[in-house]
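J.: Before I ask anything, here is the structure I am working with.
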Amino acid sequence: MDKNWIQITPSDFSWEQEALAFVKEQLPDHEPYRAWANFEFIAQDGSINEIDLMVLTPKGLYLVEIKSHPGEISGDAGTWIWHKPNGGQKLFDNPRILTDRKAKKLASLLKVQPSCRKEGVPFLNSLVFLSAENVVNSLQGTARIKVHTRKDFIEEITLVDADWRWPRLDKPVAKAIARAMEEAGIKESVRSRRVGQYELAELLDEADHYQEWLANHTDLKVQRRVRIYLTYGKPQEDAERLQRAAKHEFEMLEGIDHPGILRAKEYLQHDHGPALVYDYDPAYMRLDHLLLNLGSNQLQLQDALKVLKLIAEAVRYAHRQKLYHRVLSPQSIFIKIDNQSDDQQGYAIKVANWFMAERTYDSETRQLSIISHMSQLVQEEAGPYVALECHTQGETDGVYLDVFSLGAIAYHLFTGKKPAENDIALQDRLSRTNGLLITDEINGTGAELQYLVQYATHPNPDNRIGSLDEFFEHLYQVEEELARPETQRSSNPTEARKGDTFEGGIEVLRPLGKGASSVVFLVKHQGIERVLKLASETGQNKRLRSEGATLSKLRHQAIIAHHDTVELAGHTGLILDYAVDGSLANRLRTYGAIQFELLERFGDDLLSALCHLD
């Protein structure tokens with residue numbers, strides 16, 4: 001393969017050298033086999049793209065991303081988890097997504113080269129090669145597609161069996177591709193580029209419209225996150241839209257100062273488009289990566305509440321500055337975990353990606369009005385967290401959009417599962433329910449948490465929680481609900497057992513009986529044994545309240561004493577005296593229901609007589 005193996009850049013990494021040597025040794029050494037290793041190209045959109053390997057065989061043309069991680073690889077179609085042999089873990093975006101994006105860009109670049117105008121360009125397949133020996137591929141479902149190990153990689157790109165129905169690539173095609181690679185300016189991979197005083201060192205994230213790089217300041221020796229909006233080579237209208245998106249984000253955050261909001265520090269120009277410079281802290285990770293890393297070991301309820309409060313506090317601050325995010329999702333939130341003690345964890349968050357934000361200055365609302373469809377700049381992964389009206393052409397309210405996203409994020413935090421796989425699945429789910437139901441995933445959740453999530457994500461904005469202040473009112477109630485003792489009943493109060501407690505410090509000692517309209521318990525109330533007469537169902541609440549109102553007017557030794565009327569998890573209850581002997585007067589004290597029936601039948605005459613008994 002020496003003649004047809006073109007390594008543009010010598011590799012500095014032993015693992016990469018070893019992986020490339022394995023492929024070179026296994027490939028046949030005759031035409032039309034060709035390979036290009038370690039090169040860089042600048043796409044028509046101005047993006048910088050580093051390639052590990054491109055291979056041409058009779059079976060096809062392949063762009064290969066090499067991942068040499070020993071141990072085990074698991075994850076889904078969006079995010080992978082590398083389980084290291086020493087027990088550590090690392091999360092990263094599915095590399096096939098980026099490789100597929102690079103393949104499309106390189107194919108477009110080759111197609112416009114003179115040498116390919118006649119022969120054309122074969123379809124450029126994208127593959128991921130897990131090159132470490134004995135690596136365990138535990139990817140499931142669609143995440144496993146086009147991902148290969150040493151056991152099947154060479155066979156995948158070379159074996160043409162009897163069922164192969166596509167044309168085989170030949171020597172003329174190989175020569176045309178080789179010439180087109182030269183014409184396209186394929187060159188040595190330079191792992192740093194400059195934006196202002198910053199050298200781009202490592203690609204952190206990429207979408208269709210931008211690249212985010214880890215960058216080093218040449219004088220200050222500090223690291224920053226740099227986002228470059230890719231306007232180079234795009235039609236004028238698209239380029240202007242992206243130029244405005246970058247400028248828009250910088251202007252929207254002017255004067256914003258909150259520890260939970262990631263704002264751009266500088267606005268710079270790069271050869272390939274405008275660039276925004278942000279602070280960088282390696283201890284932060286994307287919230288979606290954290291949640292995937294936790295897997296079935298989801299956040300504890302108190303930790304989920306802490307994280308939700310931090311996010312909501314940042315959004316509430318923004319709203320008080322008339323700033324609305326509009327497309328909030330875990331992909332736009334960075335989180336840092338601080339182990340404060342053995343049993344206490346602290347968290348810090350940064351809300352990012354404000355390029356779709358809206359802000360009101362006095363009576364003027366400024367937003368990116370030339371973006372007619374909001375999803376154009378929203379990553380696909382954010383779809384399950386964005387309100388349905390966000391994808392329509394009509395007017396949208398930033399307050400309601402952010403409230404919905406907070407509710408969807410809350411659903412994920414508390415259940416450990418995404419609200420839906422994508423925006424279409426979310427739309428289908430909400431067409432059958434009035435908001436996300438947290439009880440679909442977990443049992444025994446409190447009524448306040450259920451209410452918060454459902455009415456923050458109600459599909460009809462008119463029925464949705466209407467402000468961040470109202471959101472916090474419900475959040476505080478959730479906090480109180482979670483702080484209650486485990487024995488405190490917050491649902492199904494008529495099924496209470498010995499040892500259960502109700503709000504207000506009412507302790508159940510034992511059940512006393514059940515009638516047509518109520519359930520009766522012996523309870524300890526304010527340190528005294530009393531009777532709790534509880535409506536057996538909410539339809540009996542009116543009857544119990546009426547009885548309580550009547551008894552509260554009576555003060556006589558022959559009439560059972562009424563101490564309080566309470567509401568317990570939606571059921572009305574009466575706190576009454578408790579009698580233990582069998583006299584007629586004490587039986588009346590014990591059975592308030594009998595009194596009520598007598599009063600209903602015989603009216604005020606009997607009431608007057610009972611009040612004057614000696």
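Ordering of the structure tokens sets the chain letters (A, B, ...); residue numbers start at 1 within each chain; ligands are numbered from 1 in the order shown.
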Write out as a list in words each polymer residue whose atoms come within 9 Å of Ile154 (chain A), counting only C-alpha atoms; drop sequence neighbours fewer than 6 positions from it.
T.: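 Skipping anything fewer than 6 positions along the chain leaves Val23, Gln26 and Leu27 of chain A.
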J.: Using only C-alpha atoms, which of the listed residues (A:Ala143, A:Leu124, A:Leu53, A:Ala312) sits closest to Asn94 (chain A)?
T.: A:Ala143
J.: Find the residue from A:Gly527, A:Pro493, A:Pro70, A:Pro459 that sits nearest to Thr433 (chain A); use only C-alpha atoms when measuring.
T.: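 That would be A:Pro459, the residue with the smallest distance to Thr433 (chain A).
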J.: Can you tell me, as a PyMOL selection string, what residues are no more than 6 Å from region 562-576 of chain A when counting only C-alpha atoms, ignoring any on the same chain fewer than 3 positions away?
T.: chain A and resi 490-491+530-535+538+541+551-552
J.: Find the residues near Pro419 (chain A): any atom within 9 Å, counting only C-alpha atoms, skip ones fewer than 4 places away on the same chain, and give them as a PyMOL selection string.
T.: chain A and resi 384-385+408-409+411-412+425-426+429+436
J.: Dump N, CA and C atoms for the selected residues as a JSON list (two decimals), in the first residue's frame?
T.:
```
[["chain", "number", "residue", "atom", "x", "y", "z"],
["A", 384, "PRO", "N", -37.46, 17.60, 22.19],
["A", 384, "PRO", "CA", -38.38, 17.11, 23.23],
["A", 384, "PRO", "C", -38.60, 18.08, 24.38],
["A", 385, "TYR", "N", -37.88, 19.19, 24.41],
["A", 385, "TYR", "CA", -37.97, 20.14, 25.53],
["A", 385, "TYR", "C", -38.57, 21.48, 25.11],
["A", 408, "ALA", "N", -40.42, 20.50, 31.12],
["A", 408, "ALA", "CA", -39.88, 19.31, 30.44],
["A", 408, "ALA", "C", -38.55, 18.88, 31.04],
["A", 409, "ILE", "N", -37.71, 19.86, 31.38],
["A", 409, "ILE", "CA", -36.44, 19.54, 32.04],
["A", 409, "ILE", "C", -36.69, 18.94, 33.42],
["A", 411, "TYR", "N", -39.26, 17.18, 34.28],
["A", 411, "TYR", "CA", -39.68, 15.79, 34.03],
["A", 411, "TYR", "C", -38.46, 14.89, 33.91],
["A", 412, "HIS", "N", -37.45, 15.31, 33.14],
["A", 412, "HIS", "CA", -36.24, 14.50, 32.94],
["A", 412, "HIS", "C", -35.45, 14.37, 34.24],
["A", 425, "ALA", "N", -42.50, 12.97, 18.50],
["A", 425, "ALA", "CA", -42.99, 12.09, 19.57],
["A", 425, "ALA", "C", -43.59, 12.90, 20.72],
["A", 426, "LEU", "N", -43.02, 14.06, 20.99],
["A", 426, "LEU", "CA", -43.57, 14.93, 22.04],
["A", 426, "LEU", "C", -44.96, 15.42, 21.64],
["A", 429, "ARG", "N", -47.39, 12.68, 22.12],
["A", 429, "ARG", "CA", -47.68, 12.42, 23.54],
["A", 429, "ARG", "C", -48.63, 13.47, 24.12],
["A", 436, "LEU", "N", -47.21, 16.82, 30.50],
["A", 436, "LEU", "CA", -46.44, 15.63, 30.81],
["A", 436, "LEU", "C", -46.84, 15.10, 32.18]]
```
J.: Between CA of Gln7 (chain A) and CA of Leu98 (chain A), what is the spacing in Å?
T.: 21.5 Å
J.: Please determine, counting only C-alpha atoms, which residue among A:Leu242, A:Ala37, A:Val520, A:Ile465 has the shortest atom-to-atom distance to Gly435 (chain A).
T.: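 Of A:Leu242, A:Ala37, A:Val520, A:Ile465, the one nearest Gly435 (chain A), counting only C-alpha atoms, is A:Ile465.
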J.: Per DSSP on the backbone, what are the helix (DSSP H, G or I) residues of region 206-322 of chain A, as a PyMOL selection string?
T.: chain A and resi 236-252+287-294+301-320
J.: So that I can check the surroundings of Gly60 (chain A), please list as a ChimeraX atom specification every protein, DNA and RNA residue that reaches within 8 Å of it, counting only C-alpha atoms and ignoring chain neighbours fewer than 4 positions away.
T.: /A:56,122-125,157,168-169
J.: Give me, as number ranges by chain, all polymer residues having an atom no more than 12 Å from region 103-114 of chain A, counting only C-alpha atoms and skipping those fewer than 3 positions away in the same chain.
T.: A: 39-54, 61-65, 96-100, 117-127, 176-186, 208, 233
J.: Would you save the residues of that selection, restricted to C-alpha atoms, as a PDB file, in the first residue's frame?
T.:
```pdb
ATOM      1  CA  PHE A  39      -5.550  15.381   6.633  1.00  0.00           C
ATOM      2  CA  GLU A  40      -7.566  18.545   6.926  1.00  0.00           C
ATOM      3  CA  PHE A  41      -9.917  20.347   4.574  1.00  0.00           C
ATOM      4  CA  ILE A  42     -11.845  23.580   4.719  1.00  0.00           C
ATOM      5  CA  ALA A  43     -15.403  22.950   3.593  1.00  0.00           C
ATOM      6  CA  GLN A  44     -17.474  25.242   1.421  1.00  0.00           C
ATOM      7  CA  ASP A  45     -19.138  26.615   4.578  1.00  0.00           C
ATOM      8  CA  GLY A  46     -15.731  27.595   6.012  1.00  0.00           C
ATOM      9  CA  SER A  47     -15.657  24.910   8.701  1.00  0.00           C
ATOM     10  CA  ILE A  48     -12.338  23.296   9.597  1.00  0.00           C
ATOM     11  CA  ASN A  49     -12.549  19.512   9.323  1.00  0.00           C
ATOM     12  CA  GLU A  50      -9.917  17.041  10.464  1.00  0.00           C
ATOM     13  CA  ILE A  51     -10.085  13.530   9.016  1.00  0.00           C
ATOM     14  CA  ASP A  52      -8.502  10.405  10.481  1.00  0.00           C
ATOM     15  CA  LEU A  53      -8.809   8.205   7.402  1.00  0.00           C
ATOM     16  CA  MET A  54     -10.520   7.984   4.018  1.00  0.00           C
ATOM     17  CA  LEU A  61     -15.559   5.263  -0.611  1.00  0.00           C
ATOM     18  CA  TYR A  62     -15.414   5.493   3.209  1.00  0.00           C
ATOM     19  CA  LEU A  63     -14.696   8.309   5.637  1.00  0.00           C
ATOM     20  CA  VAL A  64     -13.484   6.743   8.888  1.00  0.00           C
ATOM     21  CA  GLU A  65     -13.370   8.207  12.388  1.00  0.00           C
ATOM     22  CA  ARG A  96     -20.804   9.064  13.772  1.00  0.00           C
ATOM     23  CA  ILE A  97     -22.985  12.189  13.712  1.00  0.00           C
ATOM     24  CA  LEU A  98     -19.939  14.417  13.229  1.00  0.00           C
ATOM     25  CA  THR A  99     -18.327  11.951  10.780  1.00  0.00           C
ATOM     26  CA  ASP A 100     -21.483  11.892   8.678  1.00  0.00           C
ATOM     27  CA  ARG A 117     -17.000  16.601 -13.215  1.00  0.00           C
ATOM     28  CA  LYS A 118     -16.828  13.683 -15.638  1.00  0.00           C
ATOM     29  CA  GLU A 119     -16.565  10.653 -13.380  1.00  0.00           C
ATOM     30  CA  GLY A 120     -18.600  12.077 -10.513  1.00  0.00           C
ATOM     31  CA  VAL A 121     -18.035  11.283  -6.860  1.00  0.00           C
ATOM     32  CA  PRO A 122     -19.048   7.922  -5.381  1.00  0.00           C
ATOM     33  CA  PHE A 123     -21.286   8.063  -2.332  1.00  0.00           C
ATOM     34  CA  LEU A 124     -19.080   8.845   0.659  1.00  0.00           C
ATOM     35  CA  ASN A 125     -19.985   6.481   3.492  1.00  0.00           C
ATOM     36  CA  SER A 126     -19.222   7.393   7.108  1.00  0.00           C
ATOM     37  CA  LEU A 127     -17.951   4.783   9.585  1.00  0.00           C
ATOM     38  CA  ALA A 176     -10.171  10.872 -10.412  1.00  0.00           C
ATOM     39  CA  ILE A 177     -10.692  10.989  -6.629  1.00  0.00           C
ATOM     40  CA  ALA A 178      -6.939  11.253  -6.041  1.00  0.00           C
ATOM     41  CA  ARG A 179      -6.650  14.225  -8.422  1.00  0.00           C
ATOM     42  CA  ALA A 180      -9.750  15.876  -6.929  1.00  0.00           C
ATOM     43  CA  MET A 181      -8.216  15.589  -3.451  1.00  0.00           C
ATOM     44  CA  GLU A 182      -5.194  17.549  -4.672  1.00  0.00           C
ATOM     45  CA  GLU A 183      -7.376  20.116  -6.431  1.00  0.00           C
ATOM     46  CA  ALA A 184      -9.495  20.638  -3.312  1.00  0.00           C
ATOM     47  CA  GLY A 185      -6.458  21.733  -1.330  1.00  0.00           C
ATOM     48  CA  ILE A 186      -6.336  18.780   1.057  1.00  0.00           C
ATOM     49  CA  ASP A 208     -24.860  22.599  11.029  1.00  0.00           C
ATOM     50  CA  GLY A 233     -19.396  30.036   1.319  1.00  0.00           C
TER      51      GLY A 233
END
```
J.: Between CA of Ser467 (chain A) and CA of Asn434 (chain A), what is the distance, to one decimal in Å?
T.: 18.4 Å
J.: For a quick check of understanding, using only C-alpha atoms, which of A:Leu301, A:Ile349, A:Ala549, A:Leu413 has the smallest distance to Gly446 (chain A)?
T.: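 Among the listed residues, the smallest separation from Gly446 (chain A) belongs to A:Leu301.
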J.: Of the candidates A:Leu522, A:Val135, A:Ala245, A:Leu406, which one gets nearest to His69 (chain A) if we count only C-alpha atoms?
T.: A:Val135
J.: Could you find all residues in region 23-138 of chain A that DSSP calls strand (DSSP E or B) from the backbone, and write them as a short mmCIF file (atom, residue, chain, number, x, y, z; two decimals) with C-alpha atoms, in the first residue's frame?
T.:
```cif
data_model
loop_
_atom_site.label_atom_id
_atom_site.label_comp_id
_atom_site.auth_asym_id
_atom_site.auth_seq_id
_atom_site.Cartn_x
_atom_site.Cartn_y
_atom_site.Cartn_z
CA ARG A 34 -6.39 4.00 -2.04
CA ALA A 35 -6.17 5.59 1.42
CA TRP A 36 -5.62 9.12 2.75
CA ALA A 37 -4.76 9.49 6.44
CA ASN A 38 -4.57 12.46 8.82
CA PHE A 39 -5.55 15.38 6.63
CA GLU A 40 -7.57 18.55 6.93
CA PHE A 41 -9.92 20.35 4.57
CA ILE A 42 -11.85 23.58 4.72
CA ILE A 48 -12.34 23.30 9.60
CA ASN A 49 -12.55 19.51 9.32
CA GLU A 50 -9.92 17.04 10.46
CA ILE A 51 -10.08 13.53 9.02
CA ASP A 52 -8.50 10.40 10.48
CA LEU A 53 -8.81 8.21 7.40
CA MET A 54 -10.52 7.98 4.02
CA VAL A 55 -10.40 4.65 2.15
CA LEU A 56 -11.42 3.81 -1.43
CA THR A 57 -12.10 0.15 -2.22
CA GLY A 60 -17.07 2.07 -2.00
CA LEU A 61 -15.56 5.26 -0.61
CA TYR A 62 -15.41 5.49 3.21
CA LEU A 63 -14.70 8.31 5.64
CA VAL A 64 -13.48 6.74 8.89
CA GLU A 65 -13.37 8.21 12.39
CA ILE A 66 -10.95 6.26 14.60
CA LYS A 67 -11.73 5.87 18.30
CA GLU A 72 -16.29 -0.76 26.82
CA ILE A 73 -18.36 1.63 24.70
CA SER A 74 -22.07 2.03 25.45
CA GLY A 75 -24.70 4.70 24.91
CA THR A 79 -24.29 10.22 23.34
CA TRP A 80 -21.68 7.54 23.99
CA ILE A 81 -20.14 6.46 27.30
CA TRP A 82 -16.57 5.20 27.45
CA HIS A 83 -16.14 2.83 30.39
CA GLN A 89 -16.10 7.04 32.57
CA LYS A 90 -16.16 9.70 29.88
CA LEU A 91 -19.14 10.94 27.89
CA PHE A 92 -18.99 12.35 24.37
CA ASP A 93 -21.35 12.93 21.47
CA LEU A 124 -19.08 8.84 0.66
CA ASN A 125 -19.99 6.48 3.49
CA SER A 126 -19.22 7.39 7.11
CA LEU A 127 -17.95 4.78 9.58
CA VAL A 128 -16.55 4.67 13.11
CA PHE A 129 -13.67 2.27 13.75
CA LEU A 130 -13.25 1.18 17.38
CA VAL A 136 -16.41 -4.27 23.96
CA ASN A 137 -19.06 -2.69 21.76
#
```
J.: Pick out the closest residue to Arg464 (chain A) from this set: A:Ser405, A:Ser115, A:Thr445, A:Asn216. Count only C-alpha atoms.
T.: A:Ser405
J.: Give me the residues within 12 Å of region 266-272 of chain A as a PyMOL selection string, counting only C-alpha atoms and dropping any in the same chain fewer than 6 places off.
T.: chain A and resi 42-48+193-200+209-211+224-234+239+242-251+253-254+278-279
J.: To one decimal place, how far is CA of Gln540 (chain A) from CA of Arg489 (chain A) in Å?
T.: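 Pair CA of Gln540 (chain A) / CA of Arg489 (chain A) returns 19.5 Å.
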